Amino acid sequence: MSNDKQEQIFFSLVWLARIIVCLLTIGLALAIDSTATERHRADIRAKWQEQVDDLNLQLRASILQNTQTVWGLAANVSVQPDINETQFKRLASVIFKLAPELLNIGLAPDFVIKHIYPLQGNQAALGLDLRTQSLSREQMALLLETRRAVFNGPINLVQGGQGIAARIPIFENQSDKPWGVISAILDLERLYASIGLNTMPPEFQFVLSTTGISSINQGIFFGPQNINWQSPVSSTMSMPGFSWHLYAQT
């Protein structure tokens with residue numbers, strides 16, 4: 001083999017080696033970039049998941065905090081089942097100062113609303129039989145068996161907007177017989193404001209829905225409608241009586 005041919009083969013091998021090294025370098029750079037991109041996406045997703053879980057806890061805590069103040073009235077009625085209108089108004093007015101998201105409180109002996117505070121704007125609720133017009137048979141059973149509050153929501157309010165209804169069972173202190181319930185209505189808009197839901201950043205697509213991930217848009221009651229969902233983060237808030245799903249994506 002001539003020297004010229006050997007040199008030609010040698011230079012060809014050198015260039016081939018250079019090309020292979022170049023291709024390997026590009027491939028490695030692309031792999032590193034892809035890994036970094038995926039890691040960045042995972043970090044962002046984890047961040048939003050953490051925020052959605054935190055919003056879930058805040059919303060639940062706000063609902064329970066407002067409801068907890070009403071238990072004081074339930075305890076009072078338990079030992080004083082013959083409570084009159086004046087006594088009820090005095091106690092209810094104190095509760096309203098402690099629970100800013102409350103819209104009204106109804107006192108329902110035998111599950112029929114007899115007293116309501118404030119009365120103005122809520123007169124239509126007087127005489128409402130919760131057993132036939134609000135509470136389902138399952139919710140009634142849950143109230144009496146667990147002796148804990150049962151919730152309905154979201155509900156459309158007569159005065160506009162939406163709310164949550166909390167039904168708190170009352171049992172007479174001496175006989176331990178069911179006396180009735182307290183019906184407390186919370187304003188959802190006030191609840192949203194209390195945890196900052198109405199000031200979310202525009203790039204954060206966030207909704208509350210009553211339906212699962214396969215049909216999110218069908219049950220949305222807070223947030224933009226008809227979002228094109230692509231692997232959103234989610235969190236479920238379960239309360240006695242209902243479950244809400246929180247979804248978010250950027």
# chains A, B, ... in the order shown; residues from 1 in each chain; ligands from 1

$ closest_atom_pairs --of "range 83-144 of chain A" --to "range 192-200 of chain A" --cutoff "12 Å" --atoms "only C-alpha atoms" --output "Markdown table"
| residue | atom | partner | partner_atom | distance |
| --- | --- | --- | --- | --- |
| A:Ala99 | CA | A:Ser194 | CA | 11.4 |
| A:Pro100 | CA | A:Ser194 | CA | 9.3 |
| A:Glu101 | CA | A:Ser194 | CA | 8.4 |

$ select_by_dssp --residues "range 59-222 of chain A" --states "helix (DSSP H, G or I)" --output "PyMOL selection string"
chain A and resi 59-79+85-98+123-125+130-133+137-146+188-194+197-199+213-219

$ residues_around --residues "range 182-188 of chain A" --least-positions-apart "3" --cutoff "6 Å" --atoms "only C-alpha atoms" --output "PyMOL selection string"
chain A and resi 101-108+162-168+191

$ write_last_selection --atoms "N, CA, C and O atoms" --output "PDB file, in the first residue's frame"
ATOM      1  N   GLU A 101     -67.422  34.911  57.991  1.00  0.00           N
ATOM      2  CA  GLU A 101     -67.913  34.334  56.738  1.00  0.00           C
ATOM      3  C   GLU A 101     -69.356  33.834  56.847  1.00  0.00           C
ATOM      4  O   GLU A 101     -69.918  33.327  55.873  1.00  0.00           O
ATOM      5  N   LEU A 102     -69.959  33.978  58.023  1.00  0.00           N
ATOM      6  CA  LEU A 102     -71.348  33.551  58.204  1.00  0.00           C
ATOM      7  C   LEU A 102     -72.320  34.496  57.509  1.00  0.00           C
ATOM      8  O   LEU A 102     -72.160  35.715  57.571  1.00  0.00           O
ATOM      9  N   LEU A 103     -73.351  33.907  56.877  1.00  0.00           N
ATOM     10  CA  LEU A 103     -74.435  34.707  56.292  1.00  0.00           C
ATOM     11  C   LEU A 103     -75.650  34.720  57.200  1.00  0.00           C
ATOM     12  O   LEU A 103     -76.286  35.752  57.403  1.00  0.00           O
ATOM     13  N   ASN A 104     -76.014  33.568  57.736  1.00  0.00           N
ATOM     14  CA  ASN A 104     -77.141  33.497  58.669  1.00  0.00           C
ATOM     15  C   ASN A 104     -77.070  32.225  59.494  1.00  0.00           C
ATOM     16  O   ASN A 104     -76.377  31.267  59.132  1.00  0.00           O
ATOM     17  N   ILE A 105     -77.774  32.240  60.605  1.00  0.00           N
ATOM     18  CA  ILE A 105     -77.877  31.076  61.490  1.00  0.00           C
ATOM     19  C   ILE A 105     -79.350  30.795  61.722  1.00  0.00           C
ATOM     20  O   ILE A 105     -80.111  31.699  62.110  1.00  0.00           O
ATOM     21  N   GLY A 106     -79.759  29.573  61.486  1.00  0.00           N
ATOM     22  CA  GLY A 106     -81.143  29.177  61.730  1.00  0.00           C
ATOM     23  C   GLY A 106     -81.216  28.139  62.829  1.00  0.00           C
ATOM     24  O   GLY A 106     -80.385  27.217  62.890  1.00  0.00           O
ATOM     25  N   LEU A 107     -82.173  28.297  63.723  1.00  0.00           N
ATOM     26  CA  LEU A 107     -82.382  27.337  64.802  1.00  0.00           C
ATOM     27  C   LEU A 107     -83.617  26.517  64.464  1.00  0.00           C
ATOM     28  O   LEU A 107     -84.698  27.070  64.252  1.00  0.00           O
ATOM     29  N   ALA A 108     -83.440  25.189  64.396  1.00  0.00           N
ATOM     30  CA  ALA A 108     -84.499  24.322  63.871  1.00  0.00           C
ATOM     31  C   ALA A 108     -84.845  23.192  64.834  1.00  0.00           C
ATOM     32  O   ALA A 108     -84.323  22.079  64.731  1.00  0.00           O
ATOM     33  N   GLN A 162     -72.997  31.927  45.973  1.00  0.00           N
ATOM     34  CA  GLN A 162     -73.062  30.551  46.451  1.00  0.00           C
ATOM     35  C   GLN A 162     -72.591  30.467  47.896  1.00  0.00           C
ATOM     36  O   GLN A 162     -71.896  31.349  48.406  1.00  0.00           O
ATOM     37  N   GLY A 163     -72.992  29.401  48.545  1.00  0.00           N
ATOM     38  CA  GLY A 163     -72.624  29.227  49.941  1.00  0.00           C
ATOM     39  C   GLY A 163     -72.462  27.772  50.302  1.00  0.00           C
ATOM     40  O   GLY A 163     -72.578  26.873  49.467  1.00  0.00           O
ATOM     41  N   ILE A 164     -72.181  27.553  51.584  1.00  0.00           N
ATOM     42  CA  ILE A 164     -72.092  26.216  52.176  1.00  0.00           C
ATOM     43  C   ILE A 164     -73.058  26.186  53.347  1.00  0.00           C
ATOM     44  O   ILE A 164     -73.107  27.114  54.153  1.00  0.00           O
ATOM     45  N   ALA A 165     -73.814  25.109  53.443  1.00  0.00           N
ATOM     46  CA  ALA A 165     -74.714  24.923  54.576  1.00  0.00           C
ATOM     47  C   ALA A 165     -74.100  23.913  55.540  1.00  0.00           C
ATOM     48  O   ALA A 165     -73.729  22.810  55.136  1.00  0.00           O
ATOM     49  N   ALA A 166     -73.968  24.319  56.795  1.00  0.00           N
ATOM     50  CA  ALA A 166     -73.501  23.419  57.847  1.00  0.00           C
ATOM     51  C   ALA A 166     -74.675  23.123  58.775  1.00  0.00           C
ATOM     52  O   ALA A 166     -75.311  24.050  59.285  1.00  0.00           O
ATOM     53  N   ARG A 167     -74.976  21.852  58.959  1.00  0.00           N
ATOM     54  CA  ARG A 167     -76.070  21.444  59.858  1.00  0.00           C
ATOM     55  C   ARG A 167     -75.452  20.800  61.094  1.00  0.00           C
ATOM     56  O   ARG A 167     -74.768  19.786  61.001  1.00  0.00           O
ATOM     57  N   ILE A 168     -75.708  21.411  62.245  1.00  0.00           N
ATOM     58  CA  ILE A 168     -75.103  20.968  63.497  1.00  0.00           C
ATOM     59  C   ILE A 168     -76.167  20.350  64.392  1.00  0.00           C
ATOM     60  O   ILE A 168     -77.139  21.023  64.766  1.00  0.00           O
ATOM     61  N   LEU A 191     -65.295  33.200  51.945  1.00  0.00           N
ATOM     62  CA  LEU A 191     -64.324  32.143  52.224  1.00  0.00           C
ATOM     63  C   LEU A 191     -63.154  32.218  51.242  1.00  0.00           C
ATOM     64  O   LEU A 191     -61.993  32.088  51.632  1.00  0.00           O
TER      65      LEU A 191
END

$ closest_atom_pairs --of "range 160-243 of chain A" --to "range 79-89 of chain A" --cutoff "12 Å" --atoms "only C-alpha atoms" --output "JSON lines"
{"residue": "A:Ile170", "atom": "CA", "partner": "A:Pro81", "partner_atom": "CA", "distance": 9.2}
{"residue": "A:Phe171", "atom": "CA", "partner": "A:Val79", "partner_atom": "CA", "distance": 9.0}
{"residue": "A:Glu172", "atom": "CA", "partner": "A:Val79", "partner_atom": "CA", "distance": 6.5}
{"residue": "A:Asn173", "atom": "CA", "partner": "A:Val79", "partner_atom": "CA", "distance": 5.3}
{"residue": "A:Gln174", "atom": "CA", "partner": "A:Val79", "partner_atom": "CA", "distance": 7.5}
{"residue": "A:Ser175", "atom": "CA", "partner": "A:Val79", "partner_atom": "CA", "distance": 10.2}
{"residue": "A:Asp176", "atom": "CA", "partner": "A:Val79", "partner_atom": "CA", "distance": 10.3}
{"residue": "A:Lys177", "atom": "CA", "partner": "A:Pro81", "partner_atom": "CA", "distance": 10.9}
{"residue": "A:Pro178", "atom": "CA", "partner": "A:Pro81", "partner_atom": "CA", "distance": 10.6}
{"residue": "A:Trp179", "atom": "CA", "partner": "A:Pro81", "partner_atom": "CA", "distance": 7.4}
{"residue": "A:Gly180", "atom": "CA", "partner": "A:Pro81", "partner_atom": "CA", "distance": 9.7}
{"residue": "A:Val181", "atom": "CA", "partner": "A:Pro81", "partner_atom": "CA", "distance": 11.4}
{"residue": "A:Ile182", "atom": "CA", "partner": "A:Phe88", "partner_atom": "CA", "distance": 11.3}

$ write_last_selection --atoms "N, CA and C atoms" --output "CSV table (one decimal), in the first residue's frame"
chain,number,residue,atom,x,y,z
A,170,ILE,N,-78.2,18.9,67.6
A,170,ILE,CA,-78.4,19.2,69.0
A,170,ILE,C,-79.1,18.1,69.7
A,171,PHE,N,-78.6,17.6,70.8
A,171,PHE,CA,-79.2,16.6,71.6
A,171,PHE,C,-79.4,17.2,73.0
A,172,GLU,N,-80.7,17.0,73.6
A,172,GLU,CA,-81.0,17.6,74.9
A,172,GLU,C,-80.0,17.0,75.9
A,173,ASN,N,-79.6,17.8,76.8
A,173,ASN,CA,-78.5,17.4,77.8
A,173,ASN,C,-79.1,16.4,78.8
A,174,GLN,N,-80.3,16.5,79.2
A,174,GLN,CA,-80.8,15.6,80.3
A,174,GLN,C,-81.3,14.3,79.7
A,175,SER,N,-82.1,14.4,78.6
A,175,SER,CA,-82.6,13.1,78.0
A,175,SER,C,-81.8,12.5,76.9
A,176,ASP,N,-80.9,13.3,76.4
A,176,ASP,CA,-80.0,12.8,75.3
A,176,ASP,C,-80.8,12.5,74.0
A,177,LYS,N,-82.0,13.1,73.9
A,177,LYS,CA,-82.9,12.9,72.7
A,177,LYS,C,-82.5,14.0,71.7
A,178,PRO,N,-82.7,13.7,70.4
A,178,PRO,CA,-82.4,14.7,69.4
A,178,PRO,C,-83.4,15.8,69.5
A,179,TRP,N,-82.9,17.0,69.6
A,179,TRP,CA,-83.7,18.2,69.7
A,179,TRP,C,-84.0,18.9,68.4
A,180,GLY,N,-83.0,18.8,67.5
A,180,GLY,CA,-83.0,19.4,66.2
A,180,GLY,C,-81.7,19.8,65.7
A,181,VAL,N,-81.5,20.8,64.9
A,181,VAL,CA,-80.2,21.2,64.4
A,181,VAL,C,-80.1,22.8,64.3
A,182,ILE,N,-78.9,23.2,64.2
A,182,ILE,CA,-78.6,24.6,63.8
A,182,ILE,C,-78.2,24.5,62.4

$ closest_residue --among "A:Gln68, A:Gln218, A:Gln225, A:Thr236" --to "Asp54 in chain A" --atoms "only C-alpha atoms"
A:Thr236

$ select_by_dssp --residues "range 47-237 of chain A" --states "strand (DSSP E or B)" --output "ChimeraX atom specification"
/A:102-109,112,115-117,129,150-156,162-171,178-187,205-209,220-222,233-237

$ write_last_selection --atoms "C-alpha atoms" --output "mmCIF file, in the first residue's frame"
data_model
loop_
_atom_site.group_PDB
_atom_site.id
_atom_site.type_symbol
_atom_site.label_atom_id
_atom_site.label_comp_id
_atom_site.auth_asym_id
_atom_site.auth_seq_id
_atom_site.Cartn_x
_atom_site.Cartn_y
_atom_site.Cartn_z
ATOM 1 C CA LEU A 102 -71.348 33.551 58.204
ATOM 2 C CA LEU A 103 -74.435 34.707 56.292
ATOM 3 C CA ASN A 104 -77.141 33.497 58.669
ATOM 4 C CA ILE A 105 -77.877 31.076 61.490
ATOM 5 C CA GLY A 106 -81.143 29.177 61.730
ATOM 6 C CA LEU A 107 -82.382 27.337 64.802
ATOM 7 C CA ALA A 108 -84.499 24.322 63.871
ATOM 8 C CA PRO A 109 -86.235 22.358 66.651
ATOM 9 C CA VAL A 112 -87.981 22.948 61.182
ATOM 10 C CA HIS A 115 -85.584 31.262 64.511
ATOM 11 C CA ILE A 116 -83.117 32.855 62.115
ATOM 12 C CA TYR A 117 -80.478 35.568 62.465
ATOM 13 C CA ASP A 129 -88.465 21.640 57.067
ATOM 14 C CA VAL A 150 -72.882 17.685 58.015
ATOM 15 C CA PHE A 151 -72.210 20.024 55.110
ATOM 16 C CA ASN A 152 -73.903 20.802 51.783
ATOM 17 C CA GLY A 153 -72.202 22.784 49.069
ATOM 18 C CA PRO A 154 -71.959 24.614 46.925
ATOM 19 C CA ILE A 155 -75.557 25.822 47.200
ATOM 20 C CA ASN A 156 -77.069 28.714 45.230
ATOM 21 C CA GLN A 162 -73.062 30.551 46.451
ATOM 22 C CA GLY A 163 -72.624 29.227 49.941
ATOM 23 C CA ILE A 164 -72.092 26.216 52.176
ATOM 24 C CA ALA A 165 -74.714 24.923 54.576
ATOM 25 C CA ALA A 166 -73.501 23.419 57.847
ATOM 26 C CA ARG A 167 -76.070 21.444 59.858
ATOM 27 C CA ILE A 168 -75.103 20.968 63.497
ATOM 28 C CA PRO A 169 -77.071 18.403 65.529
ATOM 29 C CA ILE A 170 -78.382 19.217 68.995
ATOM 30 C CA PHE A 171 -79.206 16.624 71.649
ATOM 31 C CA PRO A 178 -82.430 14.660 69.387
ATOM 32 C CA TRP A 179 -83.681 18.246 69.729
ATOM 33 C CA GLY A 180 -83.047 19.412 66.168
ATOM 34 C CA VAL A 181 -80.245 21.238 64.384
ATOM 35 C CA ILE A 182 -78.571 24.573 63.833
ATOM 36 C CA SER A 183 -78.365 25.564 60.181
ATOM 37 C CA ALA A 184 -75.390 27.842 59.477
ATOM 38 C CA ILE A 185 -74.873 29.277 55.986
ATOM 39 C CA LEU A 186 -71.374 30.408 54.977
ATOM 40 C CA ASP A 187 -70.679 32.786 52.094
ATOM 41 C CA GLN A 205 -55.040 28.154 36.234
ATOM 42 C CA PHE A 206 -56.961 27.095 39.334
ATOM 43 C CA VAL A 207 -60.498 25.749 39.772
ATOM 44 C CA LEU A 208 -62.743 24.114 42.326
ATOM 45 C CA SER A 209 -64.901 21.317 40.944
ATOM 46 C CA ILE A 220 -66.483 23.756 38.097
ATOM 47 C CA PHE A 221 -68.002 26.288 40.501
ATOM 48 C CA PHE A 222 -64.928 28.482 41.018
ATOM 49 C CA VAL A 233 -52.039 18.808 39.919
ATOM 50 C CA SER A 234 -54.983 18.065 42.198
ATOM 51 C CA SER A 235 -56.097 17.781 45.789
ATOM 52 C CA THR A 236 -59.378 16.515 47.263
ATOM 53 C CA MET A 237 -61.147 18.176 50.170
#

$ atom_distance --atom1 "CA of Trp71 in chain A" --atom2 "CA of Glu189 in chain A"
22.8 Å

$ closest_residue --among "A:Ala149, A:Ile213, A:Leu142, A:Ala46" --to "Ile63 in chain A" --atoms "only C-alpha atoms"
A:Ala149

$ residues_around --residues "Ile227 in chain A" --least-positions-apart "2" --cutoff "12 Å" --atoms "only C-alpha atoms" --output "PyMOL selection string"
chain A and resi 204-207+215-218+220+223-225+229-232+247-250
